[in-house]
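Reading through the structure tokens given below for one structure.
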Amino acid sequence: LASVIAPRALANNAGDPAILELPSWSRSLGNPVASRPYGMPSKYESNLQRRQSPGLTQTAQSSVSFSPLQGMFGMITASGLHFERHHQGWVDVDPRRHRLMINGLVKTAKVFSLEDLMRMPSVSRIHFIECGANTGMEWGNSAVPTVQYTHGMLSCSEFTGVPLSLLLEQAGIDKSRAKYILAEGADGSGMTRTIDIDRALDDAIVAYGMNGEMLRPENGYPLRLVVPGAQGVSWVKWLRRIEVGDKPYATKDESIHYVDLMPDGQHRQYTSIQEAKSVITSPSGGQKLLSKGFYNVTGLAWSGRGTVKAVDVSFDAGRNWYSAKLEGPVLPKALTRFNIGWEWDGQSAILQSRVTDSSGYVQPAMRQLREVRGRRSVYHNNAIQSWRVNASGEVENVQLS
Amino acid sequence: LASVIAPRALANNAGDPAILELPSWSRSLGNPVASRPYGMPSKYESNLQRRQSPGLTQTAQSSVSFSPLQGMFGMITASGLHFERHHQGWVDVDPRRHRLMINGLVKTAKVFSLEDLMRMPSVSRIHFIECGANTGMEWGNSAVPTVQYTHGMLSCSEFTGVPLSLLLEQAGIDKSRAKYILAEGADGSGMTRTIDIDRALDDAIVAYGMNGEMLRPENGYPLRLVVPGAQGVSWVKWLRRIEVGDKPYATKDESIHYVDLMPDGQHRQYTSIQEAKSVITSPSGGQKLLSKGFYNVTGLAWSGRGTVKAVDVSFDAGRNWYSAKLEGPVLPKALTRFNIGWEWDGQSAILQSRVTDSSGYVQPAMRQLREVRGRRSVYHNNAIQSWRVNASGEVENVQLS
Amino acid sequence: DNNKTPAAELARRESPYVLTMDALGRPATPAEVTAWDIDVRPDFAGLPPGQGSVSDGEEVWINRCASCHGDFGDSNKFFSPLVLGNITEADIASGHVAALKDPTRVRTTLMKVATVSTLWDYIRRAMPWNDPKSLSDDDVYAVLAYLLNLAYIVDGDYVLSKDNIAEVQARMPNRNGMSDDHGLWKVDGRPDVVAERCLRDCELGDKVSSSIPPFARNAHGNLRDQMRIFGPHQGINTVAESDP
Amino acid sequence: DNNKTPAAELARRESPYVLTMDALGRPATPAEVTAWDIDVRPDFAGLPPGQGSVSDGEEVWINRCASCHGDFGDSNKFFSPLVLGNITEADIASGHVAALKDPTRVRTTLMKVATVSTLWDYIRRAMPWNDPKSLSDDDVYAVLAYLLNLAYIVDGDYVLSKDNIAEVQARMPNRNGMSDDHGLWKVDGRPDVVAERCLRDCELGDKVSSSIPPFARNAHGNLRDQMRIFGPHQGINTVAESDP
Ligand SMILES: [Ca+2]
Ligand SMILES: [Ca+2]
Ligand SMILES: [Ca+2]
Ligand SMILES: [Ca+2]
Ligand SMILES: [Ca+2]
Ligand SMILES: [Ca+2]
Ligand SMILES: [Co+2]
Ligand SMILES: [Co+2]
């Protein structure tokens, strides 16, 4: 079946057996409708799954599973491939029992059931979620081989839910004193995070819907907070409580972790925003190009401060850059897909992408980030990513200086 | 566990046991990451699945499974809940063996593998797909009880693929003679449809990606044609061939079926475009409202001729109408989610939605459609849908005159 | 607007490298085109040579088709009847099947189809349903001749071939039954139903003229099990309760 | 822009019906708020009364914590060490842990945490990891006293309570180690790294300074099995082949 694997080899002059011999699926009756009342991907796609990075954590419940960006398209993330980051495992919450409480600097502390929340006005918005630790293992050196591991704590969905501002208004938020909110989860970790009141009153959503259906359990079913542009840990899953306050809360996951070590030994605290970032998802590390010629080079760009303005791509290790085409709609605090054509001549080449966002900020090189933050900052690594295509066609993760 | 089911009943003055007694998931360690390398919905969501309509067809391979619109959010359809319409079952195509041929009025007939196609420039676009027969069973009278069955041959995804115009250009299409294309599938039915050359050269896509991953087998893996705005049968699945021609092909599925019977006994042929249509998805038939008060009324609107311009909602059987809020982005030939607030006073009420699209076309009432097309037109039923909320809270599918 | 750029321009302007997409894909060989180019147009372009008699077709039909469509093409078991009468000589003369106007008459395949090429094309690519693309071209001619005979379009001694199929087309009972008088082909076509966007005191008809009768309440299964188990939109228990 | 409308305006303007969303949800009872309002702020707002000695804490630790964190909080088995030395009296005096500047030193919990409230809050809501929210308030005080003793922040005879916890805060070794001098809190904050959007003949550094060494080629498994099995982007077989 050489022709099955290498489509260009014609076994004889007549043509490709894949055409001349009709395949079985052209000559038989197929499967019934609703064979799978809830459908799944083709069996031929089984290599694309979310994966742990061996050795990254000691336990599997305080750990990460990465989205296979190398096999993804467009801006929407297939919900079954959404990345995970848990601190005490994920839980199966009974939606009939789940409650949302709002307390603190409000006129009336409130309790909402899912029925209440789903009766309220809702919005539907497409947003990316990126863990603050995404690409964190690369601060020191090239550490992991594929874009799944370098950048896979990243996903994007259409979220549906109630604007947090509406819920705070319903509780009678004291706007003269409110400066922060605390969001708290119903899982074992009771995850808490301090969120800026500006964010809370702007585009934060108490969400139940994700890509047309309810949230997945691993993503917080039946309720999570969506804080567009903020690092994923702020998007508290299995959301049970919102407290309105006038001081930051210094929770564990913004005081011991998710704090950014600087060269002078200080830690930056409350670094919530994910700055503009981009990465080429194909060709990317661990792939092998089989022949010279034209390739669409594709990737993703995003910014927690607004929209993607432009993405430039370099094929010569950052010496020269060309404008990629952005797939629309280009939405605020959402992933933007970019594409650009490239002719591979069979020689070694280093590919990079670099985003500029609507604030004018330009994605920096790794070297520039290190000059300011050192090599042990752990979080907020939004450096330009370099992929070297070798003459063999193998693509690997490299860093430049 | 009365309070579990009826959250407002407080078992004692202290409060809701669902709050006072911490649930098990707040007091235990959860599940590991990548418990499911490809995730699935919560078990509590199992009622939402695609379903056949009993008695609609004689066989399950030439049949339909309907999307559960009553439980969906936003504009994106969860891929596992995407509706199906097959004529000879769905097939599991080996992507390594699959080929795309382009022949006919072209300079050079061409063959492409998936490798070729995935190396070419791509676009990613959000579009609805609606079967021409959607709501077809309602031409005569109210026939089915829920929005899943009345409107569920409808889905919307972000598709990624090569613009058909680019492929036709690569084959050297003879634009001076080309007026139509024939699209053909690789499944047992070898489904064929004639497509307008204007559509083919405008926004048609030879797609492999759907909501961030490859198409599902039931949706044409690894390749399908996407013809934005045209009825679903034109979106040939398991696409194997495109022929460029100068006359229409009168294929079976545009000559014996998908032809619209008129009162004078003639059939309209080649009625490809899905006109503007909308429906309230909640509250909708088969649901039961449990109490009076505020409800967000939500639904979907779409148009095969462009974008949704406005959606009006009536709560009094069409006497008075109010503007619903459209969730953005409002995209051409895509689903648009609308929401509007409503206060249910416990009395009987008939709810309707009506879309106006960018061409100025206004969705008609069932009566107006019948005046022109009779009651046996089978396809292209885009009438205003009416749901009656009874004093009992039960919602049912009614028709008005 | 990036998305409006012509496709070729799209590729060429994005990089200074010579974009040789031409190497992607390859020319199809003649044998390959022959293998897949199986469509037959109304003007019979694409129709291969061959022939088959009604009696040969009867044999094919009995062996390969009757199990699903019935000996006389009138079975409703697997699919709607292909033939069932309802076609008259007057229809064959006029090219419009009159029974299509009668709501009490079943609408069969042969009552509707305007082009015999459609039947030839479809039988070859899709039938038998569970063994598609297994008939020889002669078998297709034969079984189609049989089908046409069942509909009284050809006589029992007819031999259908590439040379005479145009004559059959001239006798197709609904050959004039198709209309392109509509606005649903072009995206800017003119709609046939013009509604008004009335907002206040509208008179669109507010009397309920149809609803699902109580006996059919559970015909689609227990609706309680088809709605979410929590929230404001739970399902009616159509098994347990009748509507108060 | 519809999406910019204030939420309340959003609801009110869409219908002439009186929109009484106020009935959605209900007031929380005091007992309910007490049950869930378990956070403790750096100024100790929310801290419940109670106390616990180091020796009581040692007993809790041995029974409930040591299996994962080690007898002395230095185990790396389930999570990074809570304590491991690296804290000096000079640190306690200055409020900055000097060893944080040394790349060769492990960064433990107690080296980093600036606010003791964080530890009280977190132990109460999340620990033990497999039995969270099972400790009494007194047990939390006790086990926290033990942990602080392991880090030499309090002596072995200390009894931690709501009344003296502010004194402990004054001795937290990294209490001055946090900075808000950055632009990542507000959406319009000022970035700290300013890069240029150079397009031609840029000099960003084009020498490869790091790549994954050959011995680690298969450390993440066979990459061939992590890429699509067809198409232009198939995976390197990191088991079978070394890079030519
Ligand atoms: Ca080639
Ligand atoms: Ca042809
Ligand atoms: Ca066979
Ligand atoms: Ca209430
Ligand atoms: Ca509090
Ligand atoms: Ca316990
Ligand atoms: Co941060
Ligand atoms: Co049509």
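Numbering starts fresh at 1 for the residues of each chain in the structure tokens, the chains themselves are lettered A, B, ... in the order given, and ligands are numbered from 1 as they appear.
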- Message: Using only C-alpha atoms and all ligand atoms, which residues have at least one atom no more than 6 Å from ligand 5? Output them as a PyMOL selection string.
- Response: chain D and resi 37+39+46
Go ahead and write the residues just picked, N, CA, C and O atoms, as a PDB file, in the first residue's frame.
ATOM      1  N   ASP D  37     -18.157  31.830  54.049  1.00  0.00           N
ATOM      2  CA  ASP D  37     -17.265  33.000  54.065  1.00  0.00           C
ATOM      3  C   ASP D  37     -16.027  32.682  54.902  1.00  0.00           C
ATOM      4  O   ASP D  37     -15.901  33.134  56.041  1.00  0.00           O
ATOM      5  N   ASP D  39     -12.643  33.053  54.017  1.00  0.00           N
ATOM      6  CA  ASP D  39     -11.362  33.642  53.660  1.00  0.00           C
ATOM      7  C   ASP D  39     -10.790  34.486  54.783  1.00  0.00           C
ATOM      8  O   ASP D  39     -11.527  35.046  55.597  1.00  0.00           O
ATOM      9  N   GLY D  46     -11.758  38.240  58.880  1.00  0.00           N
ATOM     10  CA  GLY D  46     -12.215  36.884  58.588  1.00  0.00           C
ATOM     11  C   GLY D  46     -11.592  35.818  59.445  1.00  0.00           C
ATOM     12  O   GLY D  46     -12.053  34.675  59.460  1.00  0.00           O
TER      13      GLY D  46
END
Shell of 12 Å around Thr88 (chain D), only C-alpha atoms, local chain residues under 4 positions omitted, as a compact mmCIF listing (two decimals) with N, CA, C and O atoms, in the first residue's frame:
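Once written, part_1.txt looks like this:
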# COMPACT_ATOMS: atom_id res chain seq x y z
N LEU D 84 12.85 24.24 54.20
CA LEU D 84 14.11 23.54 53.85
C LEU D 84 15.30 24.38 54.29
O LEU D 84 16.35 24.37 53.68
N ILE D 92 14.68 37.52 58.61
CA ILE D 92 13.55 37.84 59.49
C ILE D 92 13.60 39.31 59.88
O ILE D 92 12.57 39.99 59.99
N ALA D 93 14.82 39.81 60.04
CA ALA D 93 14.96 41.24 60.40
C ALA D 93 14.58 42.14 59.24
O ALA D 93 13.87 43.14 59.39
N SER D 94 15.04 41.74 58.04
CA SER D 94 14.84 42.65 56.90
C SER D 94 13.49 42.45 56.22
O SER D 94 12.98 43.36 55.57
N GLY D 95 12.96 41.23 56.34
CA GLY D 95 11.71 40.95 55.64
C GLY D 95 11.91 40.60 54.18
O GLY D 95 10.95 40.55 53.41
N HIS D 96 13.17 40.38 53.77
CA HIS D 96 13.46 39.90 52.41
C HIS D 96 14.34 38.66 52.54
O HIS D 96 15.41 38.73 53.16
N VAL D 97 13.94 37.54 51.95
CA VAL D 97 14.76 36.32 52.03
C VAL D 97 15.86 36.40 50.98
O VAL D 97 15.59 36.37 49.78
N ALA D 98 17.10 36.50 51.48
CA ALA D 98 18.23 36.73 50.57
C ALA D 98 18.44 35.56 49.63
O ALA D 98 18.84 35.75 48.47
N ALA D 99 18.17 34.34 50.08
CA ALA D 99 18.45 33.16 49.26
C ALA D 99 17.61 33.12 47.99
O ALA D 99 17.89 32.34 47.07
N LEU D 100 16.58 33.95 47.91
CA LEU D 100 15.77 33.99 46.69
C LEU D 100 16.59 34.48 45.50
O LEU D 100 16.22 34.23 44.35
N LEU D 110 7.89 28.76 52.73
CA LEU D 110 8.13 29.74 53.79
C LEU D 110 9.14 30.80 53.39
O LEU D 110 9.17 31.89 53.96
N MET D 111 9.96 30.48 52.36
CA MET D 111 10.88 31.50 51.85
C MET D 111 10.12 32.57 51.08
O MET D 111 10.52 33.72 51.01
N ALA D 151 10.24 26.64 60.48
CA ALA D 151 10.95 27.68 59.74
C ALA D 151 11.65 28.67 60.67
O ALA D 151 12.14 29.69 60.21
N TYR D 152 11.68 28.35 61.95
CA TYR D 152 12.35 29.19 62.96
C TYR D 152 11.72 30.57 63.07
O TYR D 152 12.36 31.51 63.50
N ILE D 153 10.46 30.68 62.70
CA ILE D 153 9.80 31.97 62.84
C ILE D 153 9.24 32.14 64.25
O ILE D 153 9.15 33.25 64.79
N ARG D 171 7.29 39.01 61.83
CA ARG D 171 8.52 38.24 61.73
C ARG D 171 8.56 37.39 60.46
O ARG D 171 9.49 36.61 60.27
N MET D 172 7.55 37.52 59.58
CA MET D 172 7.58 36.71 58.36
C MET D 172 8.82 37.07 57.54
O MET D 172 9.04 38.26 57.23
N PRO D 173 9.65 36.09 57.19
CA PRO D 173 10.95 36.39 56.60
C PRO D 173 10.84 37.14 55.27
O PRO D 173 11.74 37.91 54.92
N ASN D 174 9.79 36.92 54.50
CA ASN D 174 9.68 37.58 53.20
C ASN D 174 8.53 38.58 53.16
O ASN D 174 8.01 38.89 52.09
- Show me which residues sit within 12 Å of ligand 8 when counting only C-alpha atoms and all ligand atoms, and put them as a PyMOL selection string. (chain B and resi 130-134+136+193-195+229-234+253-261+267-275+304+377-382) or (chain C and resi 180+182-186)
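Using only C-alpha atoms, the shortest contact distance between chain A and any of D:Leu204, D:Ala240, D:Leu150, D:Leu135 is found at D:Leu204.
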Using only C-alpha atoms and all ligand atoms, find each residue with an atom at most 10 Å away from ligand 2 and format the answer as a short mmCIF file (atom, residue, chain, number, x, y, z; two decimals) with N, CA and C atoms, in the first residue's frame.
data_model
loop_
_atom_site.label_atom_id
_atom_site.label_comp_id
_atom_site.auth_asym_id
_atom_site.auth_seq_id
_atom_site.Cartn_x
_atom_site.Cartn_y
_atom_site.Cartn_z
N ASN B 103 -12.06 18.26 -12.06
CA ASN B 103 -12.02 18.03 -13.50
C ASN B 103 -13.08 18.91 -14.18
N GLY B 104 -13.23 18.71 -15.48
CA GLY B 104 -14.24 19.47 -16.21
C GLY B 104 -13.62 20.64 -16.96
N LEU B 105 -14.27 21.79 -16.90
CA LEU B 105 -13.83 22.96 -17.67
C LEU B 105 -12.64 23.62 -16.96
N LEU B 182 -20.22 20.77 -10.03
CA LEU B 182 -20.82 19.59 -9.45
C LEU B 182 -19.91 19.15 -8.32
N ILE B 242 -14.83 17.65 -7.61
CA ILE B 242 -15.47 18.89 -8.05
C ILE B 242 -15.35 18.93 -9.57
N GLU B 243 -16.46 19.03 -10.28
CA GLU B 243 -16.41 19.16 -11.73
C GLU B 243 -16.93 20.55 -12.09
N VAL B 244 -16.21 21.19 -12.99
CA VAL B 244 -16.63 22.52 -13.45
C VAL B 244 -17.42 22.34 -14.74
N GLY B 245 -18.61 22.90 -14.81
CA GLY B 245 -19.45 22.68 -15.98
C GLY B 245 -20.17 23.94 -16.44
N TYR B 249 -26.75 19.90 -13.42
CA TYR B 249 -26.60 18.46 -13.53
C TYR B 249 -27.87 17.66 -13.20
N VAL C 33 -9.59 10.01 -14.05
CA VAL C 33 -10.79 10.78 -14.34
C VAL C 33 -11.91 9.85 -14.76
N THR C 34 -11.57 8.90 -15.59
CA THR C 34 -12.59 7.95 -16.03
C THR C 34 -13.21 7.22 -14.83
N TRP C 36 -13.68 8.19 -11.79
CA TRP C 36 -14.54 8.97 -10.89
C TRP C 36 -15.55 9.87 -11.58
N ASP C 37 -15.33 10.14 -12.87
CA ASP C 37 -16.22 11.08 -13.56
C ASP C 37 -17.46 10.34 -14.07
N ILE C 38 -18.36 10.05 -13.16
CA ILE C 38 -19.47 9.14 -13.45
C ILE C 38 -20.82 9.84 -13.56
N ASP C 39 -20.82 11.17 -13.59
CA ASP C 39 -22.11 11.86 -13.64
C ASP C 39 -22.69 11.88 -15.04
N VAL C 40 -24.00 11.94 -15.08
CA VAL C 40 -24.72 12.02 -16.36
C VAL C 40 -25.63 13.24 -16.31
N ARG C 41 -25.46 14.11 -17.28
CA ARG C 41 -26.24 15.36 -17.30
C ARG C 41 -27.57 15.18 -18.03
N PHE C 44 -27.32 14.29 -21.41
CA PHE C 44 -26.68 12.98 -21.53
C PHE C 44 -25.17 13.04 -21.70
N ALA C 45 -24.57 14.21 -21.54
CA ALA C 45 -23.10 14.26 -21.44
C ALA C 45 -22.70 13.37 -20.28
N GLY C 46 -21.72 12.52 -20.53
CA GLY C 46 -21.26 11.60 -19.50
C GLY C 46 -21.91 10.23 -19.56
N LEU C 47 -22.95 10.06 -20.35
CA LEU C 47 -23.62 8.76 -20.41
C LEU C 47 -22.76 7.78 -21.19
#
- Query: Hey, can you check how far CA of Ile123 (chain D) sits from CA of Gly50 (chain D)?
  - Reply: 14.6 Å
- Using only C-alpha atoms and all ligand atoms, what are the residues with an atom within 12 Å of ligand 1, set out as a ChimeraX atom specification? /A:6-10,291-294 /B:110-117,119-120,170 /C:20-28
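The residue that comes closest to chain A, out of C:Ala31, C:Ala170, C:Val116, C:Ala219 and on the basis of only C-alpha atoms, is C:Ala31.
Near ligand 3, the residues found within 9 Å are Ser24, Arg27 and Ser28 of chain A; Asn130, Asp131, Pro132, Lys133, Ser134 and Leu135 of chain C (criterion computed using only C-alpha atoms and all ligand atoms).
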Extract, using only C-alpha atoms, all DNA, RNA and protein residues at most 9 Å from Val330 (chain B), discarding same-chain residues fewer than 6 positions from it, and format them as a compact mmCIF listing (two decimals) with N, CA and C atoms, in the first residue's frame.
# COMPACT_ATOMS: atom_id res chain seq x y z
N THR B 307 -26.29 38.92 6.81
CA THR B 307 -26.28 38.94 8.27
C THR B 307 -27.68 39.19 8.82
N VAL B 308 -27.80 38.86 10.10
CA VAL B 308 -29.02 39.20 10.83
C VAL B 308 -28.97 40.68 11.15
N LYS B 309 -30.03 41.38 10.80
CA LYS B 309 -30.09 42.81 11.06
C LYS B 309 -30.80 43.11 12.38
N THR B 336 -26.83 33.72 14.81
CA THR B 336 -26.75 34.84 15.74
C THR B 336 -27.66 34.53 16.91
N ARG B 337 -27.10 34.65 18.12
CA ARG B 337 -27.88 34.38 19.34
C ARG B 337 -28.58 35.67 19.74
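Going from CA of Thr238 (chain C) to CA of Ala365 (chain B) covers 28.7 Å.
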Only residues of chain D matter here; which ones have an atom within 6 Å of chain A, counting only C-alpha atoms? Give them as a short mmCIF file (atom, residue, chain, number, x, y, z; two decimals) with C-alpha atoms, in the first residue's frame.
data_model
loop_
_atom_site.label_atom_id
_atom_site.label_comp_id
_atom_site.auth_asym_id
_atom_site.auth_seq_id
_atom_site.Cartn_x
_atom_site.Cartn_y
_atom_site.Cartn_z
CA ALA D 7 -26.05 45.46 32.52
CA LEU D 24 -34.19 35.80 41.02
CA GLY D 25 -31.93 34.54 43.73
CA ARG D 26 -32.71 35.21 47.37
CA PRO D 27 -31.01 36.78 50.36
CA ALA D 28 -28.39 34.58 51.99
CA ARG D 41 -7.23 38.66 54.59
CA PHE D 78 3.89 15.09 46.70
CA LEU D 100 15.77 33.99 46.69
CA LYS D 101 18.51 35.66 44.68
CA LYS D 112 8.31 33.09 49.56
CA VAL D 113 5.11 33.74 51.45
CA THR D 118 -2.25 33.16 53.41
CA ARG D 125 -9.76 25.53 53.04
CA ALA D 126 -7.55 22.94 51.35
CA PRO D 132 -9.95 19.34 52.92
CA GLY D 177 9.30 40.56 49.36
CA MET D 178 6.28 41.40 47.21
CA SER D 179 6.16 44.21 44.70
CA ASP D 180 3.28 45.81 42.81
CA LEU D 184 -0.05 43.57 34.78
CA TRP D 185 -2.89 44.49 37.12
CA VAL D 187 -5.66 46.35 31.50
CA ALA D 195 10.18 45.66 21.96
CA LEU D 199 10.76 44.44 9.88
CA ARG D 200 13.99 44.50 7.86
CA ASP D 201 17.59 43.55 8.69
CA CYS D 202 16.71 43.26 12.32
CA GLY D 205 19.97 37.65 17.82
CA ASP D 206 20.02 34.76 15.40
CA LYS D 207 22.40 32.32 17.06
CA VAL D 208 20.90 29.19 18.54
CA SER D 209 21.69 29.27 22.24
CA SER D 210 19.57 26.35 23.36
CA SER D 211 17.93 23.26 21.96
CA ILE D 212 16.88 19.92 23.34
CA LEU D 223 6.42 12.25 18.89
CA ASP D 225 2.25 9.27 17.97
CA GLN D 226 1.43 12.82 19.04
CA MET D 227 0.97 14.29 15.58
CA HIS D 233 2.83 17.84 9.69
CA GLN D 234 3.43 14.26 10.70
CA GLY D 235 5.53 13.50 13.74
CA ILE D 236 9.18 12.61 14.09
#
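Considering the residues D:Pro128, D:Val140, D:Pro232, D:Arg217 and counting only C-alpha atoms and all ligand atoms, ligand 6 has its shortest atom-to-atom contact with D:Pro128.
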- Task: Report as a count of residues only: the residues of region 33-270 of chain B with a DSSP assignment of strand (DSSP E or B), based on the backbone of this structure.
- Result: 74
- Task: Using DSSP on the backbone, list every residue of region 63-242 of chain C that comes out as helix (DSSP H, G or I), and give them as JSON, numbers by chain.
- Result: {"C": [63, 64, 66, 67, 68, 69, 89, 90, 91, 92, 93, 94, 98, 99, 100, 101, 109, 110, 111, 112, 116, 117, 118, 119, 120, 121, 122, 123, 124, 125, 126, 137, 138, 139, 140, 141, 142, 143, 144, 145, 146, 147, 148, 149, 150, 165, 166, 167, 168, 169, 214, 215, 216, 223, 224, 225, 226]}
- Task: Select, from A:Ala183, A:Lys175, A:Glu213, A:Tyr208, the residue with the minimum atom-to-atom distance to chain B, counting only C-alpha atoms.
- Result: A:Glu213
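Residues within 9 Å of Glu59 (chain D), counting only C-alpha atoms and excluding same-chain residues fewer than 4 positions away, are Val54, Ser55, Asn63, Arg64, Ala142 and Val143 of chain D.
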- Query: Contacts of Ile126 (chain B) at 10 Å or less, counting only C-alpha atoms, minus same-chain residues fewer than 4 places along, as a PyMOL selection string?
  - Reply: (chain A and resi 74+76+328-329) or (chain B and resi 75-76+156-160+210-211+228+331-335)
